[in-house]
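**Student:** What follows is my_file-v9.cif, mmCIF, C-alpha atoms and all ligand atoms.
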data_data
loop_
_atom_site.label_atom_id
_atom_site.label_comp_id
_atom_site.auth_asym_id
_atom_site.auth_seq_id
_atom_site.Cartn_x
_atom_site.Cartn_y
_atom_site.Cartn_z
CA GLN E 1 121.65 117.02 72.14
CA CYS E 2 120.32 114.17 70.04
CA ILE E 3 121.58 110.67 69.59
CA THR E 4 120.61 108.93 66.40
CA HIS E 5 119.85 105.22 66.09
CA CYS E 6 118.63 105.56 62.54
CA PRO E 7 121.10 104.66 59.79
CA VAL E 8 120.00 107.65 57.71
CA GLY E 9 119.67 109.99 60.69
CA ALA E 10 115.96 110.56 60.10
CA LEU E 11 114.87 109.41 63.56
CA ARG E 12 116.43 111.09 66.55
CA GLU E 13 116.19 110.46 70.25
CA ARG E 14 116.44 113.25 72.78
CA ASP E 15 119.44 112.91 75.06
CA ASP E 16 119.23 114.52 78.51
CA THR E 17 122.35 113.05 80.04
CA GLU E 18 124.32 116.34 79.95
CA ARG E 19 121.60 118.07 81.97
CA VAL E 20 121.95 115.42 84.66
CA PHE E 21 125.76 115.56 84.68
CA ASP E 22 125.51 119.37 84.98
CA ALA E 23 123.09 119.11 87.92
CA MET E 24 125.34 116.62 89.71
CA ALA E 25 128.29 119.01 89.24
CA ASP E 26 126.32 121.95 90.69
CA PRO E 27 127.05 122.27 94.44
CA ASN E 28 123.69 123.99 94.95
CA LYS E 29 121.67 121.09 93.58
CA VAL E 30 120.46 118.08 95.53
CA VAL E 31 120.03 115.43 92.85
CA MET E 32 117.44 112.80 93.71
CA PHE E 33 117.14 109.80 91.42
CA GLN E 34 114.17 107.43 91.26
CA ILE E 35 114.47 104.06 89.53
CA ALA E 36 111.34 102.59 87.90
CA PRO E 37 110.36 98.95 88.52
CA ALA E 38 111.13 97.65 85.01
CA VAL E 39 114.62 99.21 84.94
CA ARG E 40 115.91 96.53 87.33
CA THR E 41 115.16 93.89 84.72
CA SER E 42 117.24 95.37 81.93
CA TRP E 43 119.91 97.95 82.79
CA GLY E 44 122.76 95.43 82.81
CA GLU E 45 121.95 93.87 79.44
CA GLU E 46 124.33 96.07 77.44
CA LEU E 47 126.97 96.16 80.16
CA GLY E 48 127.89 92.50 80.25
CA LEU E 49 126.12 91.78 83.54
CA SER E 50 123.93 88.74 84.18
CA ARG E 51 120.40 89.37 85.47
CA GLU E 52 121.57 88.25 88.94
CA GLU E 53 124.43 90.78 88.88
CA ALA E 54 122.36 93.68 87.53
CA THR E 55 120.52 94.41 90.76
CA VAL E 56 118.80 97.69 91.47
CA GLU E 57 121.16 98.01 94.46
CA ARG E 58 124.20 97.87 92.14
CA LEU E 59 122.66 100.55 89.93
CA CYS E 60 122.11 102.60 93.10
CA SER E 61 125.80 102.23 93.89
CA LEU E 62 126.83 103.40 90.39
CA LEU E 63 124.54 106.44 90.50
CA HIS E 64 125.92 107.46 93.90
CA ALA E 65 129.48 107.10 92.61
CA MET E 66 128.51 109.27 89.64
CA GLY E 67 127.35 112.06 91.97
CA ALA E 68 123.73 111.41 92.95
CA SER E 69 122.74 112.88 96.32
CA TYR E 70 119.99 110.29 96.87
CA VAL E 71 118.86 107.23 94.96
CA PHE E 72 115.26 106.25 95.64
CA ASP E 73 112.83 103.69 94.26
CA THR E 74 109.77 104.39 92.09
CA ASP E 75 108.34 101.22 93.70
CA PHE E 76 107.57 103.46 96.70
CA SER E 77 105.39 105.77 94.64
CA ALA E 78 103.90 102.80 92.78
CA ASP E 79 102.58 101.71 96.19
CA LEU E 80 101.31 105.24 96.75
CA THR E 81 99.59 105.12 93.34
CA ILE E 82 97.81 101.93 94.36
CA MET E 83 96.52 103.58 97.54
CA GLU E 84 95.09 106.47 95.53
CA GLU E 85 93.89 104.58 92.45
CA GLY E 86 92.48 101.67 94.48
CA SER E 87 90.53 104.12 96.64
CA GLU E 88 89.36 105.97 93.53
CA LEU E 89 88.11 102.68 92.08
CA LEU E 90 86.12 101.80 95.21
CA HIS E 91 84.59 105.29 95.41
CA ARG E 92 83.67 105.21 91.75
CA ILE E 93 82.06 101.79 92.00
CA ALA E 94 80.05 102.87 95.06
CA GLU E 95 78.83 106.04 93.30
CA HIS E 96 78.07 104.14 90.11
CA ASP E 97 76.12 101.44 91.94
CA ALA E 98 74.14 104.05 93.89
CA GLY E 99 72.81 105.26 90.53
CA GLY E 100 71.34 108.67 89.85
CA GLU E 101 71.86 111.22 87.11
CA ASP E 102 75.44 112.06 88.04
CA ALA E 103 76.56 108.49 88.64
CA PRO E 104 80.03 108.08 87.07
CA ALA E 105 80.53 105.61 84.25
CA LEU E 106 82.51 102.42 84.57
CA PRO E 107 85.06 101.10 83.88
CA LEU E 108 87.71 103.19 85.58
CA MET E 109 90.85 102.99 83.46
CA THR E 110 94.44 103.12 84.70
CA SER E 111 96.50 106.25 84.09
CA CYS E 112 100.11 105.35 84.83
CA CYS E 113 101.13 104.86 81.17
CA PRO E 114 101.52 108.22 79.39
CA GLY E 115 101.53 106.52 75.98
CA TRP E 116 98.05 105.20 76.72
CA VAL E 117 96.79 108.50 78.14
CA ARG E 118 97.88 110.31 74.98
CA TYR E 119 96.25 107.62 72.85
CA VAL E 120 92.89 108.00 74.61
CA LYS E 121 93.02 111.77 74.37
CA ALA E 122 93.84 111.66 70.67
CA ARG E 123 91.66 108.79 69.48
CA TYR E 124 88.89 108.21 72.05
CA PRO E 125 88.36 111.52 73.90
CA GLN E 126 84.90 110.37 75.02
CA PHE E 127 86.65 107.98 77.44
CA VAL E 128 88.97 110.58 79.02
CA PRO E 129 86.60 111.15 82.01
CA GLN E 130 86.98 107.45 82.82
CA VAL E 131 90.78 107.57 83.03
CA SER E 132 91.91 107.62 86.66
CA THR E 133 92.98 111.04 87.89
CA SER E 134 95.80 109.47 89.90
CA LYS E 135 99.19 110.61 88.65
CA SER E 136 101.68 108.00 87.49
CA PRO E 137 104.28 106.74 90.01
CA GLN E 138 106.95 108.90 88.30
CA GLN E 139 104.92 112.05 88.87
CA MET E 140 103.73 111.13 92.38
CA PHE E 141 107.36 110.63 93.32
CA GLY E 142 108.34 114.08 92.02
CA ALA E 143 105.41 115.80 93.74
CA MET E 144 106.25 114.17 97.09
CA ALA E 145 110.03 114.59 96.78
CA LYS E 146 109.72 118.34 96.28
CA THR E 147 107.25 118.90 99.12
CA HIS E 148 107.04 116.65 102.16
CA TYR E 149 110.29 114.76 101.61
CA ALA E 150 112.28 117.90 100.84
CA ASP E 151 111.23 119.00 104.35
CA VAL E 152 112.04 115.61 105.86
CA LEU E 153 115.50 115.61 104.25
CA GLY E 154 116.17 119.28 105.08
CA VAL E 155 116.40 120.25 101.42
CA GLU E 156 115.09 123.52 99.98
CA ALA E 157 112.51 122.59 97.33
CA LYS E 158 114.16 124.97 94.85
CA ASP E 159 117.45 123.06 95.19
CA ALA E 160 115.92 119.61 94.67
CA PHE E 161 116.57 118.22 91.19
CA CYS E 162 114.53 115.09 90.44
CA VAL E 163 115.79 112.62 87.86
CA SER E 164 113.83 109.53 86.93
CA VAL E 165 115.30 106.44 85.31
CA MET E 166 112.54 105.01 83.17
CA PRO E 167 112.02 102.22 80.63
CA CYS E 168 110.05 104.71 78.61
CA VAL E 169 110.42 107.56 76.12
CA ALA E 170 106.89 108.90 76.74
CA LYS E 171 107.84 109.67 80.36
CA LYS E 172 109.87 112.63 79.05
CA THR E 173 106.76 114.29 77.64
CA GLU E 174 104.74 113.36 80.72
CA ALA E 175 107.29 115.09 82.98
CA ALA E 176 107.09 118.19 80.75
CA LEU E 177 103.28 118.53 80.88
CA PRO E 178 102.11 121.94 82.12
CA THR E 179 100.04 120.16 84.80
CA MET E 180 103.03 118.37 86.35
CA VAL E 181 104.45 121.32 88.28
CA GLY E 182 104.59 122.44 91.89
CA GLU E 183 103.25 125.69 93.35
CA SER E 184 106.33 127.61 92.20
CA GLY E 185 105.85 126.40 88.65
CA ASP E 186 108.94 124.16 88.80
CA PRO E 187 108.49 120.72 87.24
CA ASP E 188 108.01 117.90 89.75
CA VAL E 189 110.39 115.76 87.70
CA ASP E 190 113.25 117.74 86.14
CA VAL E 191 114.61 115.06 83.83
CA ALA E 192 113.33 111.66 82.76
CA LEU E 193 116.11 109.42 81.47
CA THR E 194 115.65 106.21 79.53
CA VAL E 195 117.59 103.07 80.44
CA ARG E 196 119.66 103.61 77.29
CA GLU E 197 120.68 107.08 78.52
CA VAL E 198 121.73 105.73 81.92
CA VAL E 199 123.83 103.06 80.23
CA ARG E 200 125.49 105.84 78.20
CA MET E 201 126.18 107.77 81.42
CA ILE E 202 127.83 104.72 82.99
CA ARG E 203 129.99 104.26 79.90
CA ALA E 204 130.82 107.97 79.69
CA SER E 205 131.96 107.82 83.33
CA HIS E 206 134.33 104.93 82.49
CA MET E 207 132.82 102.80 85.26
CA ASP E 208 133.18 99.05 85.46
CA PRO E 209 129.75 98.05 86.85
CA ALA E 210 130.95 94.60 87.92
CA SER E 211 133.41 96.20 90.36
CA TYR E 212 130.68 98.01 92.33
CA GLU E 213 129.05 96.43 95.39
CA ASP E 214 125.32 96.56 95.99
CA ARG E 215 124.17 99.57 98.01
CA GLU E 216 120.76 99.81 99.68
CA LEU E 217 118.46 102.44 98.21
CA ASP E 218 118.00 105.53 100.34
CA ARG E 219 115.02 105.94 102.63
CA PRO E 220 112.31 107.02 103.10
CA LEU E 221 111.46 107.04 99.38
CA GLY E 222 113.48 103.95 98.66
CA PHE E 223 111.29 101.07 99.78
CA GLY E 224 108.60 99.39 97.72
CA THR E 225 106.58 96.21 98.10
CA GLY E 226 106.14 93.26 95.76
CA ALA E 227 102.94 94.94 94.60
CA GLY E 228 104.91 98.04 93.59
CA VAL E 229 107.51 96.09 91.64
CA ILE E 230 105.00 94.32 89.35
CA PHE E 231 103.89 97.70 87.96
CA GLY E 232 106.56 97.06 85.35
CA THR E 233 104.68 94.27 83.59
CA THR E 234 101.28 93.91 81.94
CA GLY E 235 98.61 93.04 84.51
CA GLY E 236 100.79 94.20 87.40
CA VAL E 237 98.96 97.43 88.18
CA MET E 238 95.67 95.54 88.10
CA GLU E 239 96.92 92.80 90.41
CA ALA E 240 98.47 95.25 92.87
CA ALA E 241 95.28 97.34 92.94
CA LEU E 242 93.08 94.28 93.49
CA ARG E 243 95.20 93.10 96.43
CA SER E 244 94.70 96.42 98.23
CA ALA E 245 91.10 97.00 97.10
CA TYR E 246 90.22 93.60 98.60
CA PHE E 247 91.83 94.63 101.88
CA LEU E 248 90.03 97.97 101.91
CA VAL E 249 86.65 96.30 101.34
CA VAL E 250 86.98 93.08 103.35
CA GLY E 251 89.29 94.30 106.13
CA GLU E 252 91.80 91.49 105.74
CA ASN E 253 94.40 90.56 103.17
CA PRO E 254 93.65 88.12 100.36
CA ALA E 255 96.24 85.48 99.57
CA PRO E 256 98.98 87.42 97.71
CA ASP E 257 98.41 85.37 94.56
CA ALA E 258 94.60 85.41 94.76
CA PHE E 259 94.36 87.51 91.60
CA LYS E 260 96.93 85.70 89.47
CA GLU E 261 94.31 85.17 86.77
CA VAL E 262 95.17 88.67 85.52
CA ARG E 263 98.71 87.55 84.63
CA GLY E 264 99.64 86.31 81.19
CA CYS E 265 100.48 87.65 77.79
CA ASP E 266 97.23 87.63 75.83
CA GLY E 267 96.90 91.09 74.32
CA TRP E 268 93.42 91.58 75.77
CA ARG E 269 92.34 89.39 78.64
CA GLU E 270 89.62 89.57 81.25
CA ALA E 271 88.69 88.10 84.62
CA VAL E 272 85.84 88.21 87.11
CA PHE E 273 86.33 88.26 90.88
CA ASP E 274 84.04 88.32 93.87
CA LEU E 275 84.62 91.41 96.02
CA ASN E 276 82.62 90.91 99.19
CA GLY E 277 79.53 89.78 97.26
CA ARG E 278 79.92 92.25 94.37
CA GLU E 279 81.06 90.86 91.04
CA LEU E 280 84.12 92.77 89.80
CA ARG E 281 84.80 92.52 86.07
CA VAL E 282 88.29 93.55 84.98
CA ALA E 283 90.22 93.64 81.72
CA ILE E 284 93.87 94.10 80.79
CA ALA E 285 95.22 95.18 77.41
CA HIS E 286 98.79 95.78 76.27
CA GLY E 287 99.80 97.21 72.94
CA LEU E 288 97.69 100.05 71.55
CA ALA E 289 96.08 97.91 68.84
CA ASN E 290 94.58 95.74 71.58
CA ALA E 291 93.58 98.84 73.56
CA GLY E 292 91.76 100.17 70.49
CA LYS E 293 89.84 96.91 70.07
CA LEU E 294 88.86 96.98 73.74
CA LEU E 295 87.64 100.59 73.55
CA ASP E 296 85.69 99.86 70.36
CA ALA E 297 83.97 96.93 72.12
CA LEU E 298 83.17 99.14 75.14
CA GLU E 299 81.76 101.78 72.79
CA ARG E 300 79.50 99.22 71.12
CA GLY E 301 78.34 97.93 74.51
CA ALA E 302 79.69 94.49 73.62
CA VAL E 303 81.66 94.25 76.88
CA HIS E 304 81.19 95.64 80.40
CA TYR E 305 83.98 96.09 82.91
CA ASP E 306 84.57 97.82 86.24
CA PHE E 307 88.32 98.33 85.94
CA VAL E 308 90.62 98.28 82.93
CA GLU E 309 94.43 98.38 82.82
CA VAL E 310 96.15 99.43 79.63
CA MET E 311 99.87 99.58 78.87
CA ALA E 312 100.90 100.98 75.50
CA CYS E 313 103.95 98.75 75.04
CA PRO E 314 103.69 95.03 74.38
CA GLY E 315 104.38 93.29 77.69
CA GLY E 316 104.09 96.58 79.59
CA CYS E 317 107.12 98.62 80.70
CA VAL E 318 109.44 95.59 80.51
CA GLY E 319 109.00 95.98 76.74
CA GLY E 320 109.16 99.78 76.92
CA GLY E 321 110.55 102.10 74.27
CA GLY E 322 113.36 103.31 76.53
CA GLN E 323 114.74 99.84 77.23
CA PRO E 324 117.95 98.49 75.66
CA ILE E 325 117.36 97.40 72.07
CA HIS E 326 118.55 94.02 70.83
CA ASP E 327 117.76 93.65 67.14
CA GLY E 328 115.37 90.78 66.51
CA VAL E 329 115.32 89.66 70.16
CA GLU E 330 112.24 90.13 72.34
CA LEU E 331 113.05 90.06 76.05
CA ALA E 332 109.76 91.18 77.64
CA ASP E 333 108.95 87.68 78.94
CA GLU E 334 112.40 87.18 80.45
CA ARG E 335 112.25 90.59 82.13
CA THR E 336 108.73 89.88 83.43
CA ALA E 337 110.05 86.75 85.13
CA VAL E 338 112.52 88.95 87.05
CA LEU E 339 109.70 91.15 88.37
CA ARG E 340 107.49 88.18 89.24
CA ALA E 341 110.35 86.61 91.20
CA LEU E 342 111.00 89.87 93.06
CA ASP E 343 107.31 90.04 94.02
CA HIS E 344 107.21 86.38 95.01
CA ASP E 345 110.25 86.77 97.27
CA ALA E 346 109.28 90.17 98.72
CA GLN E 347 108.77 90.35 102.47
CA ILE E 348 105.78 92.64 101.93
CA ARG E 349 103.46 92.06 98.95
CA PHE E 350 100.70 94.59 99.65
CA SER E 351 100.96 98.31 98.90
CA HIS E 352 98.88 99.19 101.97
CA GLU E 353 101.51 97.47 104.15
CA ASN E 354 104.41 99.62 102.91
CA PRO E 355 105.53 101.22 106.20
CA ASP E 356 106.89 104.33 104.44
CA VAL E 357 103.60 104.83 102.60
CA ALA E 358 101.71 104.43 105.88
CA ALA E 359 104.01 107.02 107.50
CA CYS E 360 103.46 109.37 104.57
CA TYR E 361 99.68 109.29 105.12
CA ARG E 362 100.04 109.49 108.90
CA ASP E 363 102.48 112.41 108.92
CA PHE E 364 101.46 114.39 105.87
CA LEU E 365 98.69 113.39 103.46
CA GLY E 366 96.08 112.24 105.97
CA GLU E 367 94.39 109.57 103.89
CA PRO E 368 93.93 108.53 100.27
CA LEU E 369 91.86 111.08 98.31
CA SER E 370 92.25 113.71 101.08
CA GLU E 371 92.35 117.33 99.97
CA LEU E 372 96.15 117.29 100.06
CA SER E 373 96.36 113.95 98.26
CA GLU E 374 94.06 115.28 95.54
CA LYS E 375 96.18 118.40 95.19
CA LEU E 376 99.55 116.66 94.96
CA LEU E 377 98.82 113.20 93.62
CA HIS E 378 95.97 113.68 91.15
CA THR E 379 95.72 115.49 87.85
CA ASP E 380 93.25 116.73 85.27
CA HIS E 381 93.76 115.00 81.93
CA THR E 382 91.61 117.64 80.21
CA ALA E 383 93.82 120.53 81.34
CA TRP E 384 96.26 120.16 78.44
CA ASP E 385 95.78 119.72 74.72
CA MET E 386 97.40 117.15 72.53
CA PRO E 387 100.06 118.83 70.39
FE1 LIG E 401 106.05 103.94 78.90
FE2 LIG E 401 105.47 101.78 77.48
FE3 LIG E 401 105.50 101.65 80.17
FE4 LIG E 401 103.58 102.97 78.88
S1 LIG E 401 103.96 100.76 78.80
S2 LIG E 401 104.71 103.69 80.69
S3 LIG E 401 104.66 103.88 77.13
S4 LIG E 401 107.24 102.03 78.83
#
Here is the file; what I need is its structure written in the form of structure tokens.

**Tutor:**
Amino acid sequence: QCITHCPVGALRERDDTERVFDAMADPNKVVMFQIAPAVRTSWGEELGLSREEATVERLCSLLHAMGASYVFDTDFSADLTIMEEGSELLHRIAEHDAGGEDAPALPLMTSCCPGWVRYVKARYPQFVPQVSTSKSPQQMFGAMAKTHYADVLGVEAKDAFCVSVMPCVAKKTEAALPTMVGESGDPDVDVALTVREVVRMIRASHMDPASYEDRELDRPLGFGTGAGVIFGTTGGVMEAALRSAYFLVVGENPAPDAFKEVRGCDGWREAVFDLNGRELRVAIAHGLANAGKLLDALERGAVHYDFVEVMACPGGCVGGGGQPIHDGVELADERTAVLRALDHDAQIRFSHENPDVAACYRDFLGEPLSELSEKLLHTDHTAWDMP
């Protein structure tokens, strides 16, 4: 089914809401939702809720009332992504600095934005080997939910139906990639919904969101740190990764705001930090025009970085293509302030301190970049072709 936003019907948006309603009505399905960080900044905008009222806990309550079996938090798998990607960064830097013929190139580039990954593959394929192999938080969630956590929850993997609520249209194609499947060939994420689709589901269910109380997200996939929540804004993945990379190298936490220089809204910005005596040069770009300029400069050898974060949408996922649309109004800054406040007020602000992530490594994965982690949480960007 397609919903059109275009006055002449030329542009159509895929609508997957019926598939989710059908799964929730199927007594054999265990429907597990995950809610992405940036969704908590925006889902109430078209429903008459203030930002204070539109909490992720209230959305959790609505999804449960609609028929969800579990409602979890993508912040959890954002923390998991940091553990894997941060470790990948440190390994890559060590191998690069050791030199030799096979030394990998720097910078390592983030991989959690499928719009960016597709852009690199299509326009700058020479840089694909430098894109992190870590899957995005959406896909790490699906891979874990249908393996370890299906066991923990006593659910048969074949009955688990994973639905993600995303600020993003590109997440639909990411979930459908041939590489994002489990051993049985089933997709790790069955349906990726945009925020607009979830709003339509709430309206179609004739729910009055204001009349629902907050409900805690389910555990153990329902807890994320302040570092996980800032994934939803430009510079957030970089800042979260630096917090944990510092801990992994130095053995103690930095001040939570030690890397705040990476924040801001310049389309391409850079910073230099000292990491235990090694200079670490980082850059952040948002919007693909800025990403293109950055890659052109790297190609020319005009700039040198160790780690680069790119988000395809201006402002990052807070400005994502699946967010509510308000003609002529740009809300990315306002939504970013919500995420920054959630991080600031979070009890835990470091991904490596997420107790559920620690338990996941202790009980199942072993450690970041272990054989099992590589199998479930990493991917090969060259294993599929651009359509
Ligand atoms: Fe999707 Fe845009 Fe976020 Fe990239 S920046 S993951 S394209 S919403």

**Student:** Write out as a PDB file with C-alpha atoms, keeping the file's coordinate frame the residues lying within 10 Å of region 66-69 of chain E, counting all atoms listed in the file and excluding same-chain residues fewer than 4 positions away.

**Tutor:**
ATOM      1  CA  VAL E  20     121.950 115.420  84.660  1.00  0.00           C
ATOM      2  CA  PHE E  21     125.760 115.560  84.680  1.00  0.00           C
ATOM      3  CA  ALA E  23     123.090 119.110  87.920  1.00  0.00           C
ATOM      4  CA  MET E  24     125.340 116.620  89.710  1.00  0.00           C
ATOM      5  CA  ALA E  25     128.290 119.010  89.240  1.00  0.00           C
ATOM      6  CA  LYS E  29     121.670 121.090  93.580  1.00  0.00           C
ATOM      7  CA  VAL E  30     120.460 118.080  95.530  1.00  0.00           C
ATOM      8  CA  VAL E  31     120.030 115.430  92.850  1.00  0.00           C
ATOM      9  CA  MET E  32     117.440 112.800  93.710  1.00  0.00           C
ATOM     10  CA  PHE E  33     117.140 109.800  91.420  1.00  0.00           C
ATOM     11  CA  CYS E  60     122.110 102.600  93.100  1.00  0.00           C
ATOM     12  CA  SER E  61     125.800 102.230  93.890  1.00  0.00           C
ATOM     13  CA  LEU E  62     126.830 103.400  90.390  1.00  0.00           C
ATOM     14  CA  ALA E 160     115.920 119.610  94.670  1.00  0.00           C
ATOM     15  CA  PHE E 161     116.570 118.220  91.190  1.00  0.00           C
ATOM     16  CA  VAL E 163     115.790 112.620  87.860  1.00  0.00           C
ATOM     17  CA  MET E 201     126.180 107.770  81.420  1.00  0.00           C
ATOM     18  CA  ILE E 202     127.830 104.720  82.990  1.00  0.00           C
ATOM     19  CA  SER E 205     131.960 107.820  83.330  1.00  0.00           C
ATOM     20  CA  MET E 207     132.820 102.800  85.260  1.00  0.00           C
ATOM     21  CA  ASP E 218     118.000 105.530 100.340  1.00  0.00           C
TER      22      ASP E 218
END

**Student:** Distance cut-off 9 Å, centre (89.9, 96.2, 75.1) in file coordinates, counting all atoms listed in the file: which residues qualify? Return them as a PyMOL selection string.

**Tutor:** chain E and resi 267-269+283-286+289-298+303+308+310

**Student:** Keeping only C-alpha atoms, write the selected residues to a file as an mmCIF file, in the frame of the given file.

**Tutor:**
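Result file follows (out.cif):
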data_model
loop_
_atom_site.group_PDB
_atom_site.id
_atom_site.type_symbol
_atom_site.label_atom_id
_atom_site.label_comp_id
_atom_site.auth_asym_id
_atom_site.auth_seq_id
_atom_site.Cartn_x
_atom_site.Cartn_y
_atom_site.Cartn_z
ATOM 1 C CA GLY E 267 96.900 91.090 74.320
ATOM 2 C CA TRP E 268 93.420 91.580 75.770
ATOM 3 C CA ARG E 269 92.340 89.390 78.640
ATOM 4 C CA ALA E 283 90.220 93.640 81.720
ATOM 5 C CA ILE E 284 93.870 94.100 80.790
ATOM 6 C CA ALA E 285 95.220 95.180 77.410
ATOM 7 C CA HIS E 286 98.790 95.780 76.270
ATOM 8 C CA ALA E 289 96.080 97.910 68.840
ATOM 9 C CA ASN E 290 94.580 95.740 71.580
ATOM 10 C CA ALA E 291 93.580 98.840 73.560
ATOM 11 C CA GLY E 292 91.760 100.170 70.490
ATOM 12 C CA LYS E 293 89.840 96.910 70.070
ATOM 13 C CA LEU E 294 88.860 96.980 73.740
ATOM 14 C CA LEU E 295 87.640 100.590 73.550
ATOM 15 C CA ASP E 296 85.690 99.860 70.360
ATOM 16 C CA ALA E 297 83.970 96.930 72.120
ATOM 17 C CA LEU E 298 83.170 99.140 75.140
ATOM 18 C CA VAL E 303 81.660 94.250 76.880
ATOM 19 C CA VAL E 308 90.620 98.280 82.930
ATOM 20 C CA VAL E 310 96.150 99.430 79.630
#

**Student:** For Val262 (chain E), please output as an MDAnalysis selection string all residues within 9 Å (counting only C-alpha atoms; exclusion window: fewer than 5 positions along the same chain).

**Tutor:** chainID E and resid 234:236 238:239 269:271 282:284

**Student:** Which residues form the shell of 6 Å around ligand LIG 401 (chain E) when you count all atoms listed in the file, given as a PyMOL selection string?

**Tutor:** chain E and resi 113-115+167-168+170+311-313+316-317+320-321

**Student:** Which of these, E:Ala241, E:Ala65, E:Ala383, E:Leu47, has the shortest distance to Lys121 (chain E) once you count all atoms listed in the file?

**Tutor:** E:Ala383

**Student:** Can you work out which one of E:Glu174, E:Asn28, E:Ala38, E:Glu53 has the shortest atom-to-atom distance to Ala210 (chain E), counting all atoms listed in the file?

**Tutor:**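 For Ala210 (chain E), the nearest of the given residues is E:Glu53.
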
**Student:** Could you check which of E:Lys158, E:Arg243, E:Arg51, E:Arg215 is closest to Phe350 (chain E), using only C-alpha atoms?

**Tutor:**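 Closest candidate: E:Arg243.
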
**Student:** Expressed in Å to a single decimal, how great is the separation between CA of Arg340 (chain E) and CA of Ile230 (chain E)?

**Tutor:**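 Straight-line distance from CA of Arg340 (chain E) to CA of Ile230 (chain E) works out to 6.6 Å.
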
**Student:** List the neighbours of region 222-227 of chain E out to 9 Å using all atoms listed in the file; skip same-chain residues closer than 3 positions along the sequence, and give me the result as a ChimeraX atom specification.

**Tutor:** /E:34,71-79,82,216-219,230-231,236-237,239-241,243,339-340,342-351,353-357

**Student:** Those residues with C-alpha atoms, as a PDB file, keeping the file's coordinate frame please?

**Tutor:**
ATOM      1  CA  GLN E  34     114.170 107.430  91.260  1.00  0.00           C
ATOM      2  CA  VAL E  71     118.860 107.230  94.960  1.00  0.00           C
ATOM      3  CA  PHE E  72     115.260 106.250  95.640  1.00  0.00           C
ATOM      4  CA  ASP E  73     112.830 103.690  94.260  1.00  0.00           C
ATOM      5  CA  THR E  74     109.770 104.390  92.090  1.00  0.00           C
ATOM      6  CA  ASP E  75     108.340 101.220  93.700  1.00  0.00           C
ATOM      7  CA  PHE E  76     107.570 103.460  96.700  1.00  0.00           C
ATOM      8  CA  SER E  77     105.390 105.770  94.640  1.00  0.00           C
ATOM      9  CA  ALA E  78     103.900 102.800  92.780  1.00  0.00           C
ATOM     10  CA  ASP E  79     102.580 101.710  96.190  1.00  0.00           C
ATOM     11  CA  ILE E  82      97.810 101.930  94.360  1.00  0.00           C
ATOM     12  CA  GLU E 216     120.760  99.810  99.680  1.00  0.00           C
ATOM     13  CA  LEU E 217     118.460 102.440  98.210  1.00  0.00           C
ATOM     14  CA  ASP E 218     118.000 105.530 100.340  1.00  0.00           C
ATOM     15  CA  ARG E 219     115.020 105.940 102.630  1.00  0.00           C
ATOM     16  CA  ILE E 230     105.000  94.320  89.350  1.00  0.00           C
ATOM     17  CA  PHE E 231     103.890  97.700  87.960  1.00  0.00           C
ATOM     18  CA  GLY E 236     100.790  94.200  87.400  1.00  0.00           C
ATOM     19  CA  VAL E 237      98.960  97.430  88.180  1.00  0.00           C
ATOM     20  CA  GLU E 239      96.920  92.800  90.410  1.00  0.00           C
ATOM     21  CA  ALA E 240      98.470  95.250  92.870  1.00  0.00           C
ATOM     22  CA  ALA E 241      95.280  97.340  92.940  1.00  0.00           C
ATOM     23  CA  ARG E 243      95.200  93.100  96.430  1.00  0.00           C
ATOM     24  CA  LEU E 339     109.700  91.150  88.370  1.00  0.00           C
ATOM     25  CA  ARG E 340     107.490  88.180  89.240  1.00  0.00           C
ATOM     26  CA  LEU E 342     111.000  89.870  93.060  1.00  0.00           C
ATOM     27  CA  ASP E 343     107.310  90.040  94.020  1.00  0.00           C
ATOM     28  CA  HIS E 344     107.210  86.380  95.010  1.00  0.00           C
ATOM     29  CA  ASP E 345     110.250  86.770  97.270  1.00  0.00           C
ATOM     30  CA  ALA E 346     109.280  90.170  98.720  1.00  0.00           C
ATOM     31  CA  GLN E 347     108.770  90.350 102.470  1.00  0.00           C
ATOM     32  CA  ILE E 348     105.780  92.640 101.930  1.00  0.00           C
ATOM     33  CA  ARG E 349     103.460  92.060  98.950  1.00  0.00           C
ATOM     34  CA  PHE E 350     100.700  94.590  99.650  1.00  0.00           C
ATOM     35  CA  SER E 351     100.960  98.310  98.900  1.00  0.00           C
ATOM     36  CA  GLU E 353     101.510  97.470 104.150  1.00  0.00           C
ATOM     37  CA  ASN E 354     104.410  99.620 102.910  1.00  0.00           C
ATOM     38  CA  PRO E 355     105.530 101.220 106.200  1.00  0.00           C
ATOM     39  CA  ASP E 356     106.890 104.330 104.440  1.00  0.00           C
ATOM     40  CA  VAL E 357     103.600 104.830 102.600  1.00  0.00           C
TER      41      VAL E 357
END

**Student:** For the atom pair CA of His304 (chain E) and CA of Ala105 (chain E), what is the interatomic distance in Å to one decimal place?

**Tutor:** 10.7 Å

**Student:** Which residues are near Trp43 (chain E)? Cut-off 8 Å, only C-alpha atoms, ignore same chain within fewer than 2 positions. Put them as a list in words.

**Tutor:**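 With the cut-off at 8 Å, the set is Val39, Arg40, Thr41, Glu45, Glu46, Leu47, Ala54, Val195, Arg196, Val199, Gln323 and Pro324 of chain E.
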
**Student:** Using all atoms listed in the file, pick whichever of E:Ala122, E:Ala337, E:Val229, E:Leu89 has the shortest atom-to-atom distance to Pro104 (chain E).

**Tutor:**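 Ranked by minimum distance to Pro104 (chain E), first place goes to E:Leu89.
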